[in-house]
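What follows is one structure encoded as structure tokens, with my remarks underneath.
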Amino acid sequence: MKNGFTLIELVMVILLLGVIAIITVPTVNQAIKNSKIDTYERQVETIENTARTYMSKHSGMLPSQTSNEKVCITVSQLQKAGLLSKDKIINPNYKENGTEDFEKYQNFEGAVKVTWSGTKYLYKYTDSVTC
């Protein structure tokens, strides 16, 4: 009667766990990366939509439709107006010493640039407070 595992059985189990790890780790890493990108895009979209709401309440601030003007609405303005949380909005893609624009900034502290396209107003988030 046998009272344990043989060395071969233990090696096979470790080998099997290694194969499972090799298969799952890249998949999980890619899922995390995609999740961060999706979250970033949703946060930018929320900030831009909040700027639309702000401008609907302050329509006198809209840029002229006849000139090439632009208006900047900062995230702090939207927070002061009570349209965004007063807490810092964390950038899920932030990387220390990041090279891409979407990963350089730890928090969303930029502004939304509002311009007239000829047919409608365009709202575009930028990480800079000055558009």
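Starting from 1 in every chain, residues are counted up; chains themselves are A, B, ... following the order of the structure tokens, and ligands are numbered from 1 as listed.
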A:Asn91: which residues within 7 Å, counting only C-alpha atoms, same-chain residues fewer than 3 positions away excluded, as a count of residues only?
-> 6
Contact residues around stretch 54-63 of chain A with only C-alpha atoms at 9 Å, ignoring same-chain residues under 3 positions, as an MDAnalysis selection string | chainID A and resid 49:51 66:71 73 78 81 83 114:116 121
Mind the document's chain letters and residue numbers, and return as a VMD selection string the residues of chain A that DSSP labels strand (DSSP E or B).
-> chain A and resid 70 to 74 90 107 111 to 116 121 to 126
Keeping C-alpha atoms for every residue in the selection just given, could you write it to a file as a short mmCIF file (atom, residue, chain, number, x, y, z; two decimals), in the first residue's frame?
data_model
loop_
_atom_site.label_atom_id
_atom_site.label_comp_id
_atom_site.auth_asym_id
_atom_site.auth_seq_id
_atom_site.Cartn_x
_atom_site.Cartn_y
_atom_site.Cartn_z
CA LYS A 70 -12.39 78.03 -28.67
CA VAL A 71 -13.41 77.81 -25.04
CA CYS A 72 -11.70 75.74 -22.38
CA ILE A 73 -13.57 74.26 -19.44
CA THR A 74 -11.24 72.82 -16.82
CA ILE A 90 -7.53 58.80 -11.11
CA ASN A 107 -5.08 62.38 -12.38
CA ALA A 111 -9.64 70.76 -19.71
CA VAL A 112 -12.25 70.22 -22.39
CA LYS A 113 -11.75 72.32 -25.51
CA VAL A 114 -15.01 73.45 -27.10
CA THR A 115 -14.90 74.51 -30.75
CA TRP A 116 -17.42 75.07 -33.55
CA TYR A 121 -19.91 72.11 -31.22
CA LEU A 122 -17.06 69.69 -30.62
CA TYR A 123 -15.88 68.76 -27.11
CA LYS A 124 -12.38 67.29 -26.80
CA TYR A 125 -10.58 66.51 -23.54
CA THR A 126 -6.93 67.47 -23.27
#
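Ranking A:Glu45, A:Asp101, A:Glu96, A:Gly110 by their shortest atom-to-atom distance to A:Gln77, with only C-alpha atoms included, puts A:Gly110 first.
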When distances are computed from only C-alpha atoms, which of A:Val129, A:Ile37, A:Phe102, A:Asn97 shows the smallest separation from A:Ser76?
-> A:Val129
How far is it from atom CA of A:Arg42 to atom CA of A:Gly82, in Å with one decimal?
-> 19.2 Å
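In this model, the gap between atom CA of A:Gln79 and atom CA of A:Thr46 comes to 12.6 Å.
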In stretch 44-117 of chain A, what's helix (DSSP H, G or I) per DSSP? Answer as a PyMOL selection string?
-> chain A and resi 44-57+59-61+75-80+101-104
Each residue of stretch 34-94 of chain A with at least one atom at most 12 Å from stretch 15-29 of chain A should appear once, together with its nearest atom pair and the corresponding distance in Å (one decimal); atoms considered: only C-alpha atoms; ordering: chain, then increasing residue number; output as JSON lines.
{"residue": "A:Asn34", "atom": "CA", "partner": "A:Asn29", "partner_atom": "CA", "distance": 8.7}
{"residue": "A:Ser35", "atom": "CA", "partner": "A:Asn29", "partner_atom": "CA", "distance": 9.8}
{"residue": "A:Lys36", "atom": "CA", "partner": "A:Asn29", "partner_atom": "CA", "distance": 10.8}
